[in-house]
$ cat upload02.cif   # mmCIF, C-alpha atoms
data_structure
#
loop_
_atom_site.label_atom_id
_atom_site.label_comp_id
_atom_site.auth_asym_id
_atom_site.auth_seq_id
_atom_site.Cartn_x
_atom_site.Cartn_y
_atom_site.Cartn_z
CA MET A 5 -16.66 32.51 22.41
CA GLU A 6 -20.25 32.65 21.17
CA LYS A 7 -21.55 33.54 24.66
CA ARG A 8 -18.91 36.25 25.02
CA ILE A 9 -19.96 37.76 21.68
CA LEU A 10 -23.60 37.89 22.82
CA LEU A 11 -22.51 39.61 26.03
CA GLU A 12 -20.41 42.20 24.22
CA LYS A 13 -23.21 43.02 21.78
CA ARG A 14 -25.45 44.33 24.62
CA GLY A 15 -28.61 43.91 22.64
CA ARG A 16 -27.31 45.59 19.49
CA SER A 17 -27.53 44.04 16.06
CA ASP A 18 -24.45 42.66 14.30
CA ASP A 19 -24.23 45.44 11.73
CA GLU A 20 -24.09 48.08 14.51
CA ILE A 21 -20.96 46.71 16.18
CA THR A 22 -17.78 48.62 15.32
CA GLU A 23 -15.48 47.25 18.07
CA LEU A 24 -15.45 43.78 19.58
CA ILE A 25 -13.12 42.79 22.46
CA LEU A 26 -13.02 39.02 23.06
CA ASP A 27 -9.74 38.72 25.01
CA ASN A 28 -9.23 35.67 27.28
CA CYS A 29 -12.51 34.00 26.29
CA ARG A 30 -10.66 30.66 25.72
CA SER A 31 -11.52 28.87 22.50
CA THR A 32 -9.39 26.86 20.05
CA TYR A 33 -11.33 27.95 16.97
CA ILE A 34 -13.49 30.80 15.69
CA ASP A 35 -17.08 30.32 16.85
CA GLY A 36 -20.04 32.71 16.70
CA LEU A 37 -18.25 35.34 14.58
CA THR A 38 -19.94 35.63 11.16
CA ASP A 39 -19.94 37.80 8.05
CA SER A 40 -22.92 39.76 9.43
CA PHE A 41 -20.56 42.07 11.39
CA THR A 42 -20.27 44.34 8.40
CA ALA A 43 -19.45 47.51 10.40
CA LEU A 44 -16.75 45.91 12.57
CA GLU A 45 -13.49 47.88 12.47
CA THR A 46 -11.56 46.60 15.52
CA LEU A 47 -11.40 42.96 16.65
CA SER A 48 -9.30 41.72 19.58
CA LEU A 49 -8.71 38.02 20.26
CA ILE A 50 -5.74 38.19 22.64
CA ASN A 51 -4.88 35.05 24.67
CA VAL A 52 -7.86 33.09 23.45
CA GLY A 53 -6.01 29.84 22.68
CA LEU A 54 -6.64 29.77 18.93
CA VAL A 55 -4.73 27.09 17.01
CA SER A 56 -6.13 28.00 13.60
CA LEU A 57 -7.91 30.84 11.78
CA LYS A 58 -10.34 28.48 10.13
CA ASN A 59 -13.91 29.87 9.92
CA PHE A 60 -12.59 33.45 10.19
CA PRO A 61 -15.36 35.57 8.59
CA LYS A 62 -15.07 38.06 5.77
CA LEU A 63 -15.09 41.45 7.49
CA SER A 64 -15.04 44.07 4.76
CA ASN A 65 -14.49 47.06 7.10
CA LEU A 66 -12.03 45.47 9.55
CA ARG A 67 -8.97 47.68 10.07
CA LYS A 68 -7.30 46.43 13.26
CA LEU A 69 -6.91 42.78 14.30
CA GLU A 70 -5.26 41.63 17.55
CA LEU A 71 -4.25 37.92 17.59
CA SER A 72 -1.31 37.95 20.02
CA ASP A 73 -0.55 35.22 22.60
CA ASN A 74 -2.31 32.38 20.79
CA ARG A 75 -1.04 29.13 19.20
CA ILE A 76 -1.52 29.99 15.54
CA SER A 77 1.01 28.38 13.18
CA ASN A 78 -0.69 28.65 9.77
CA GLY A 79 -3.94 29.55 8.00
CA LEU A 80 -3.25 33.26 7.43
CA ASN A 81 -4.96 32.96 4.04
CA HIS A 82 -8.32 33.28 5.88
CA LEU A 83 -7.48 36.96 6.53
CA THR A 84 -7.65 37.91 2.86
CA GLY A 85 -11.40 38.46 3.25
CA SER A 86 -10.60 41.71 5.13
CA PRO A 87 -8.99 43.88 2.45
CA LYS A 88 -9.04 47.08 4.55
CA LEU A 89 -6.89 45.58 7.31
CA THR A 90 -4.11 48.02 8.30
CA HIS A 91 -2.94 46.72 11.71
CA LEU A 92 -2.21 43.03 12.38
CA ASN A 93 -0.67 41.73 15.61
CA LEU A 94 0.51 38.10 15.56
CA SER A 95 3.10 38.30 18.35
CA GLY A 96 3.47 35.35 20.72
CA ASN A 97 2.29 32.67 18.27
CA ARG A 98 3.95 29.62 16.64
CA ILE A 99 4.72 30.73 13.11
CA LYS A 100 7.97 29.03 12.03
CA ASP A 101 8.24 29.15 8.25
CA PHE A 102 8.40 32.22 6.05
CA ASP A 103 6.07 30.51 3.60
CA GLU A 104 3.23 30.80 6.12
CA LEU A 105 3.44 34.59 5.73
CA GLN A 106 2.97 34.56 1.96
CA PRO A 107 -0.84 35.16 2.15
CA LEU A 108 -0.17 38.55 3.76
CA LYS A 109 1.01 39.97 0.44
CA ASP A 110 -2.63 40.09 -0.66
CA LEU A 111 -3.41 42.62 2.10
CA GLU A 112 -2.69 45.73 0.09
CA ASN A 113 -3.49 48.16 2.93
CA LEU A 114 -1.47 46.46 5.69
CA GLU A 115 0.73 49.08 7.36
CA VAL A 116 1.62 47.66 10.79
CA LEU A 117 2.61 44.04 11.41
CA ASP A 118 3.90 42.53 14.67
CA LEU A 119 5.49 39.04 14.66
CA PHE A 120 7.51 39.38 17.84
CA ASN A 121 8.20 36.14 19.75
CA ASN A 122 7.68 33.88 16.72
CA GLN A 123 10.35 31.52 15.45
CA VAL A 124 10.09 33.01 11.97
CA THR A 125 11.89 36.12 13.27
CA LEU A 126 15.07 34.06 13.59
CA ILE A 127 15.34 33.58 9.83
CA GLU A 128 18.21 35.45 8.20
CA ASN A 129 17.20 38.75 6.56
CA TYR A 130 13.70 38.27 7.92
CA ARG A 131 12.89 42.01 7.99
CA GLU A 132 14.14 42.72 4.48
CA LYS A 133 12.14 39.82 3.08
CA LEU A 134 8.93 40.95 4.75
CA PHE A 135 9.25 44.55 3.60
CA GLN A 136 9.76 43.21 0.07
CA LEU A 137 6.80 40.82 0.42
CA ILE A 138 4.39 43.54 1.64
CA PRO A 139 5.11 46.85 -0.14
CA SER A 140 2.51 48.76 1.92
CA LEU A 141 4.14 47.77 5.22
CA ASN A 142 5.47 50.72 7.24
CA TYR A 143 6.25 49.16 10.66
CA LEU A 144 7.41 45.64 11.48
CA ASP A 145 7.68 44.55 15.13
CA GLY A 146 7.42 48.18 16.24
CA PHE A 147 10.06 49.67 13.91
CA ASP A 148 10.17 50.89 10.32
CA LYS A 149 12.80 50.02 7.69
CA GLU A 150 15.27 52.45 9.26
CA TYR A 151 14.62 51.05 12.76
CA VAL A 152 12.70 54.13 13.82
CA GLU A 153 10.20 53.28 16.54
CA ALA A 154 6.53 53.40 15.67
CA PRO A 155 4.30 56.00 17.41
CA SER A 156 2.63 54.88 20.61
CA ASP A 157 -1.07 54.25 21.06
CA GLU A 158 -1.47 57.54 22.95
CA GLU A 159 -0.17 59.47 19.95
CA ASP A 160 -2.51 57.58 17.66
CA MET A 161 -5.42 58.41 19.94
CA ALA A 162 -4.41 62.06 20.01
CA GLY A 163 -4.33 62.09 16.21
CA GLY A 164 -7.75 60.51 16.11
CA VAL A 165 -9.10 63.17 18.47
CA ASP A 166 -7.78 65.93 16.24
CA ASP A 167 -9.48 64.35 13.26
CA ASP A 168 -12.78 63.96 15.10
CA ASP A 169 -12.85 67.55 16.33
CA ASP A 170 -15.96 69.30 15.04
CA GLY A 171 -14.11 72.62 14.49
CA ASP A 172 -15.60 74.40 17.51
CA GLY A 173 -13.17 72.87 19.98
CA ASN A 174 -15.81 70.51 21.35
CA LEU A 175 -14.71 66.90 21.60
CA PRO A 176 -17.21 64.06 21.17
CA GLN A 177 -18.34 62.72 24.49
CA PRO A 178 -18.24 58.94 25.10
CA SER A 179 -21.61 57.25 25.23
CA GLN A 180 -20.47 54.56 27.70
CA PHE A 181 -18.24 54.25 30.74
CA SER A 182 -17.48 51.66 33.41
CA ILE A 183 -17.61 51.81 37.23
CA ASN A 184 -16.12 48.85 39.12
CA GLY A 185 -16.64 46.59 36.12
CA ILE A 186 -20.28 47.69 35.54
CA GLU A 187 -20.95 49.11 32.08
CA ILE A 188 -23.03 52.33 32.09
CA ASP A 189 -24.74 53.54 28.91
CA LEU A 190 -25.32 57.30 28.99
CA ASP A 191 -28.20 57.09 26.54
CA GLU A 192 -30.04 54.60 28.72
CA LEU A 193 -29.23 56.75 31.76
CA GLU A 194 -30.83 59.79 30.14
CA GLN A 195 -33.93 57.79 29.33
CA LEU A 196 -34.08 56.62 32.95
CA GLU A 197 -33.80 60.20 34.21
CA ALA A 198 -36.65 61.27 31.91
CA ARG A 199 -38.88 58.49 33.23
CA VAL A 200 -38.02 59.43 36.83
CA ARG A 201 -38.84 63.09 36.23
CA GLN A 202 -42.13 62.14 34.57
CA LYS A 203 -43.04 59.90 37.50
CA ARG A 204 -42.19 62.63 40.01
CA THR A 205 -44.37 65.14 38.19
CA LYS A 206 -47.28 62.71 38.10
CA ASN A 207 -46.96 61.94 41.81
CA GLU A 208 -46.86 65.63 42.69
CA SER A 209 -49.99 66.37 40.64
CA ASP A 210 -51.86 63.43 42.18
CA SER A 211 -50.95 64.46 45.69
CA GLN A 212 -51.96 68.08 45.03
CA SER A 213 -55.40 67.08 43.70
CA ALA A 214 -55.99 64.76 46.68
CA ILE A 215 -55.12 67.57 49.09
CA GLU A 216 -57.51 69.99 47.40
CA ILE A 217 -60.40 67.50 47.54
CA GLY A 218 -59.74 66.71 51.20
CA SER A 219 -59.63 70.37 52.15
CA ASP A 220 -63.11 70.90 50.71
CA VAL A 221 -64.67 68.04 52.73
CA LEU A 222 -63.19 68.56 56.19
CA GLU A 223 -61.44 71.82 56.39
CA GLY A 224 -60.29 71.71 59.99
CA HIS A 225 -59.19 68.12 60.31
CA LEU A 226 -57.78 67.81 56.84
CA GLY A 227 -55.96 71.05 57.24
CA ARG A 228 -53.63 69.45 59.73
CA THR A 229 -53.44 66.36 57.55
CA LYS A 230 -52.59 68.58 54.60
CA SER A 231 -49.74 70.22 56.44
CA HIS A 232 -48.32 66.86 57.44
CA SER A 233 -48.72 65.46 53.95
CA ASP A 234 -47.14 68.59 52.46
CA ASP A 235 -44.19 68.22 54.79
CA GLY A 236 -43.88 64.52 53.96
CA CYS A 237 -44.17 65.08 50.22
CA SER A 238 -41.70 67.95 50.26
CA SER A 239 -39.18 65.94 52.27
CA GLN A 240 -39.66 62.93 50.03
CA THR A 241 -39.32 64.93 46.83
CA GLY A 242 -36.31 66.71 48.30
CA GLN A 243 -34.64 63.43 49.10
CA GLU A 244 -35.49 62.02 45.67
CA SER A 245 -34.14 65.11 43.94
CA ALA A 246 -31.01 64.98 46.09
CA LYS A 247 -30.34 61.46 44.92
CA ASP A 248 -29.49 61.35 41.27
CA ASP A 249 -29.04 58.20 39.23
CA LEU A 250 -25.30 57.93 39.89
CA ASP A 251 -25.99 57.92 43.64
CA LEU A 252 -28.50 55.12 43.17
CA LEU A 253 -25.97 53.21 41.11
CA TYR A 254 -23.30 53.76 43.77
CA GLU A 255 -25.69 52.52 46.47
CA GLU A 256 -26.40 49.43 44.38
CA ILE A 257 -22.68 48.76 44.04
CA GLN A 258 -22.18 49.18 47.78
CA HIS A 259 -25.09 46.83 48.43
CA LYS A 260 -23.53 44.17 46.19
CA GLN A 261 -20.18 44.57 47.90
CA ALA A 262 -21.84 44.24 51.32
CA LEU A 263 -23.58 41.06 50.17
CA ALA A 264 -20.26 39.68 48.91
CA ARG A 265 -18.59 40.44 52.26
CA ALA A 266 -21.49 38.86 54.13
CA ASN A 267 -21.19 35.74 51.98
CA GLU A 268 -17.46 35.56 52.71
CA VAL A 269 -18.10 35.88 56.45
CA GLU A 270 -20.79 33.19 56.30
CA GLN A 271 -18.48 30.86 54.39
CA GLY A 272 -15.77 31.46 56.99
CA ARG A 273 -18.21 30.61 59.79
CA GLN A 274 -19.30 27.44 58.03
CA LYS A 275 -15.68 26.37 57.56
CA MET A 276 -14.94 27.07 61.23
CA ALA A 277 -18.02 25.12 62.35
CA SER A 278 -17.06 22.15 60.19
CA PHE A 279 -13.50 22.26 61.55
CA VAL A 280 -14.78 22.35 65.15
CA SER A 281 -17.14 19.42 64.49
CA VAL A 282 -14.31 17.37 62.98
CA LEU A 283 -12.10 18.23 65.95
CA LEU A 284 -14.81 17.14 68.40
CA MET A 285 -15.34 13.89 66.54
CA PHE A 286 -11.60 13.21 66.61
CA THR A 287 -11.43 13.98 70.34
CA SER A 288 -14.38 11.70 71.12
CA LEU A 289 -12.80 8.93 69.06
CA LEU A 290 -9.55 9.25 71.01
CA ALA A 291 -11.48 9.16 74.31
CA PHE A 292 -13.36 6.04 73.18
CA ILE A 293 -10.14 4.26 72.18
CA ASN A 294 -8.51 5.25 75.48
CA GLN A 295 -11.50 3.93 77.42
CA ILE A 296 -11.38 0.61 75.57
CA CYS A 297 -7.65 0.21 76.23
CA TYR A 298 -8.12 1.13 79.91
CA ARG A 299 -10.89 -1.42 80.34
CA GLY A 300 -8.76 -4.13 78.70
CA GLU A 301 -5.86 -3.46 81.05
CA ASN A 302 -8.12 -3.53 84.12
CA GLN A 303 -9.68 -6.80 82.96
CA LEU A 304 -6.26 -8.41 82.51
CA LEU A 305 -5.20 -7.25 85.98
CA ASP A 306 -8.39 -8.59 87.52
CA GLU A 307 -7.96 -11.95 85.80
CA SER A 308 -4.32 -12.24 86.95
CA GLU A 309 -5.30 -11.40 90.53
CA GLU A 310 -8.12 -13.96 90.49
CA GLN A 311 -5.75 -16.60 89.12
CA VAL A 312 -3.22 -15.88 91.89
CA ASP A 313 -5.97 -16.12 94.52
CA ASP A 314 -7.18 -19.44 93.10
CA GLU A 315 -3.66 -20.86 93.13
CA GLU A 316 -3.16 -19.81 96.74
CA GLU A 317 -6.49 -21.36 97.74
CA GLU A 318 -5.56 -24.61 95.98
CA LYS A 319 -2.22 -24.68 97.78
CA GLU A 320 -3.90 -24.12 101.13
CA GLU A 321 -6.42 -26.87 100.42
CA GLN A 322 -3.62 -29.26 99.41
CA GLU A 323 -1.69 -28.45 102.59
CA GLU A 324 -4.81 -29.04 104.71
CA ASP A 325 -5.43 -32.37 102.95
CA MET A 326 -1.85 -33.42 103.56
CA GLU A 327 -2.07 -32.53 107.25
CA ILE A 328 -5.33 -34.53 107.57
CA GLU A 329 -3.73 -37.56 105.88
CA VAL A 330 -0.67 -37.34 108.13
CA GLU A 331 -2.88 -37.23 111.23
CA LYS A 332 -4.86 -40.23 109.99
CA ASP A 333 -1.65 -42.22 109.38
CA GLU A 334 -0.37 -41.43 112.86
CA CYS A 335 -3.64 -42.55 114.46
CA CYS A 336 -3.64 -45.83 112.55
CA SER A 337 -0.03 -46.60 113.51
CA LEU A 338 -0.76 -46.00 117.20
CA ASP A 339 -3.78 -48.32 117.13
CA ALA A 340 -1.80 -51.12 115.46
CA THR A 341 1.06 -50.89 117.98
CA GLY A 342 -1.32 -51.11 120.94
CA ASP A 343 -2.95 -54.32 119.58
CA SER A 344 0.41 -56.03 119.04
CA TYR A 345 1.49 -55.29 122.59
CA ALA A 346 -1.73 -56.68 123.94
CA ARG A 347 -1.28 -59.96 122.06
CA VAL A 348 2.30 -60.39 123.20
CA GLU A 349 1.28 -60.00 126.87
CA ALA A 350 -1.44 -62.58 126.45
CA LEU A 351 0.95 -65.29 125.26
CA PRO A 352 2.66 -66.04 128.64
CA GLN A 353 -0.68 -66.27 130.31
CA MET A 354 -1.79 -68.83 127.80
CA GLN A 355 1.42 -70.84 128.31
CA ASN A 356 0.78 -71.00 132.04
CA GLY A 357 -2.76 -72.21 131.46
CA ALA A 358 -4.04 -75.74 131.27
CA THR A 359 -4.04 -76.00 127.59
CA ALA A 360 -1.71 -74.54 124.92
CA PRO A 361 -2.99 -72.30 122.18
CA SER A 362 -3.88 -73.93 118.97
CA ASP A 363 -2.22 -73.38 115.67
CA THR A 364 -5.29 -71.53 114.50
CA THR A 365 -4.99 -69.00 117.27
CA ILE A 366 -1.30 -68.42 116.64
CA SER A 367 -1.82 -67.95 112.91
CA ALA A 368 -4.58 -65.43 113.60
CA VAL A 369 -2.34 -63.47 115.89
CA ALA A 370 0.42 -63.51 113.36
CA ALA A 371 -1.98 -62.35 110.65
CA ASP A 372 -3.16 -59.49 112.81
CA ASP A 373 0.39 -58.49 113.51
CA ARG A 374 1.50 -58.25 109.85
CA PRO A 375 -0.36 -55.12 108.87
CA ALA A 376 0.79 -53.36 111.99
CA ARG A 377 4.38 -54.10 111.12
CA ALA A 378 3.87 -53.03 107.60
CA ASP A 379 2.46 -49.76 108.82
CA GLN A 380 5.40 -49.25 111.10
CA ASN A 381 7.85 -49.93 108.33
#
$ encode --input "upload02.cif" --output "structure tokens"
Amino acid sequence: MEKRILLEKRGRSDDEITELILDNCRSTYIDGLTDSFTALETLSLINVGLVSLKNFPKLSNLRKLELSDNRISNGLNHLTGSPKLTHLNLSGNRIKDFDELQPLKDLENLEVLDLFNNQVTLIENYREKLFQLIPSLNYLDGFDKEYVEAPSDEEDMAGGVDDDDDGDGNLPQPSQFSINGIEIDLDELEQLEARVRQKRTKNESDSQSAIEIGSDVLEGHLGRTKSHSDDGCSSQTGQESAKDDLDLLYEEIQHKQALARANEVEQGRQKMASFVSVLLMFTSLLAFINQICYRGENQLLDESEEQVDDEEEEKEEQEEDMEIEVEKDECCSLDATGDSYARVEALPQMQNGATAPSDTTISAVAADDRPARADQN
């Protein structure tokens, strides 16, 4: 609230302020508003968020006070320091009990009071009690005792204009106005115009003296230069005179709007670039994951194929080993059978000989014949 007050003052002193609008400045208590605002007549604190009127200053010339749409429930006794108060708006607050309105009886000049949208309005005979409590009261919640509607703000303004008329039919002109939220002070604008005119006059005199001196030194060459400079000065002064202060102000406003649009476009581009970068990162991540999964599948397939090939090679080697063993067994059996036949044929020849074979020879033959039989079996 204190910063808002400094902004609304616009460099003026406290005792020069007659109207102070502090709507929507958001504060739960009075801050920055002091007794030094001795000339203040209108004060507006709509939708500020006040919960109490503690620290409310003594404003001896205050006539109209707007406190609607806050959270005030008590503390109206702090308003007794403004005895000239005629209009008080407390609509949209949290006043419940009729006793909280008792301090208002000390405001002897109070004419208009608004308590709409407070729970106190639900009390029986609420209007009669308030008109009895405040004898000077003319309008309560927008209606008088006979339920006649109060005059609108336009009618009040019209009445004020009639009172301020100077008798010649000339109405007082406002000293300030606003264009697209920019406050313009007419007094400051007039001072600016005076400085611009003074600067233009000085520039014209300087340029004229320079031209006269140049014409004396080199008449031929500086004659052409003089014509060009005269043309340039005349065009420049014409353009400057064509542009008044309101045009300059309008150009400044357009420049600010163009900067705001450019900032919006730049922010949109930055958002789009960030979105595209995130999208690219997400796409690359998906591609990386897909590549990893594809490599894993190929590796599993390669391992299974290698395992199958190894098993087939082992089977082939086992089959070759078995064939080699079978061939070896067959060769051994054939050799053993041939030896046994040879020994049997030799026996008759030995019987026909001079001497019979010894027991040692027979046992040797029998021993040689046993493994052959075992192999055959």
$ atom_distance --input "upload02.cif" --atom1 "atom CA of A:Gln274" --atom2 "atom CA of A:Gln258"
24.2 Å
$ resolve_selection --input "upload02.cif" --expression "the PyMOL selection byres ((chain A and resi 139-142) around 8)" --output "PDB file with C-alpha atoms, in the coordinates of the input"
ATOM      1  CA  GLU A 112      -2.690  45.730   0.090  1.00  0.00           C
ATOM      2  CA  ASN A 113      -3.490  48.160   2.930  1.00  0.00           C
ATOM      3  CA  LEU A 114      -1.470  46.460   5.690  1.00  0.00           C
ATOM      4  CA  GLU A 115       0.730  49.080   7.360  1.00  0.00           C
ATOM      5  CA  VAL A 116       1.620  47.660  10.790  1.00  0.00           C
ATOM      6  CA  LEU A 117       2.610  44.040  11.410  1.00  0.00           C
ATOM      7  CA  PHE A 135       9.250  44.550   3.600  1.00  0.00           C
ATOM      8  CA  GLN A 136       9.760  43.210   0.070  1.00  0.00           C
ATOM      9  CA  LEU A 137       6.800  40.820   0.420  1.00  0.00           C
ATOM     10  CA  ILE A 138       4.390  43.540   1.640  1.00  0.00           C
ATOM     11  CA  TYR A 143       6.250  49.160  10.660  1.00  0.00           C
ATOM     12  CA  LEU A 144       7.410  45.640  11.480  1.00  0.00           C
ATOM     13  CA  ASP A 148      10.170  50.890  10.320  1.00  0.00           C
ATOM     14  CA  LYS A 149      12.800  50.020   7.690  1.00  0.00           C
TER      15      LYS A 149
END
$ atom_distance --input "upload02.cif" --atom1 "atom CA of A:Ser31" --atom2 "atom CA of A:Ser72"
13.9 Å
$ atom_distance --input "upload02.cif" --atom1 "atom CA of A:Arg67" --atom2 "atom CA of A:Ile127"
28.1 Å
$ resolve_selection --input "upload02.cif" --expression "the PyMOL selection byres ((chain A and resi 60) around 8)" --output "list in words"
Ile34, Leu37, Thr38, Leu57, Lys58, Asn59, Pro61, Lys62, His82 and Leu83 of chain A
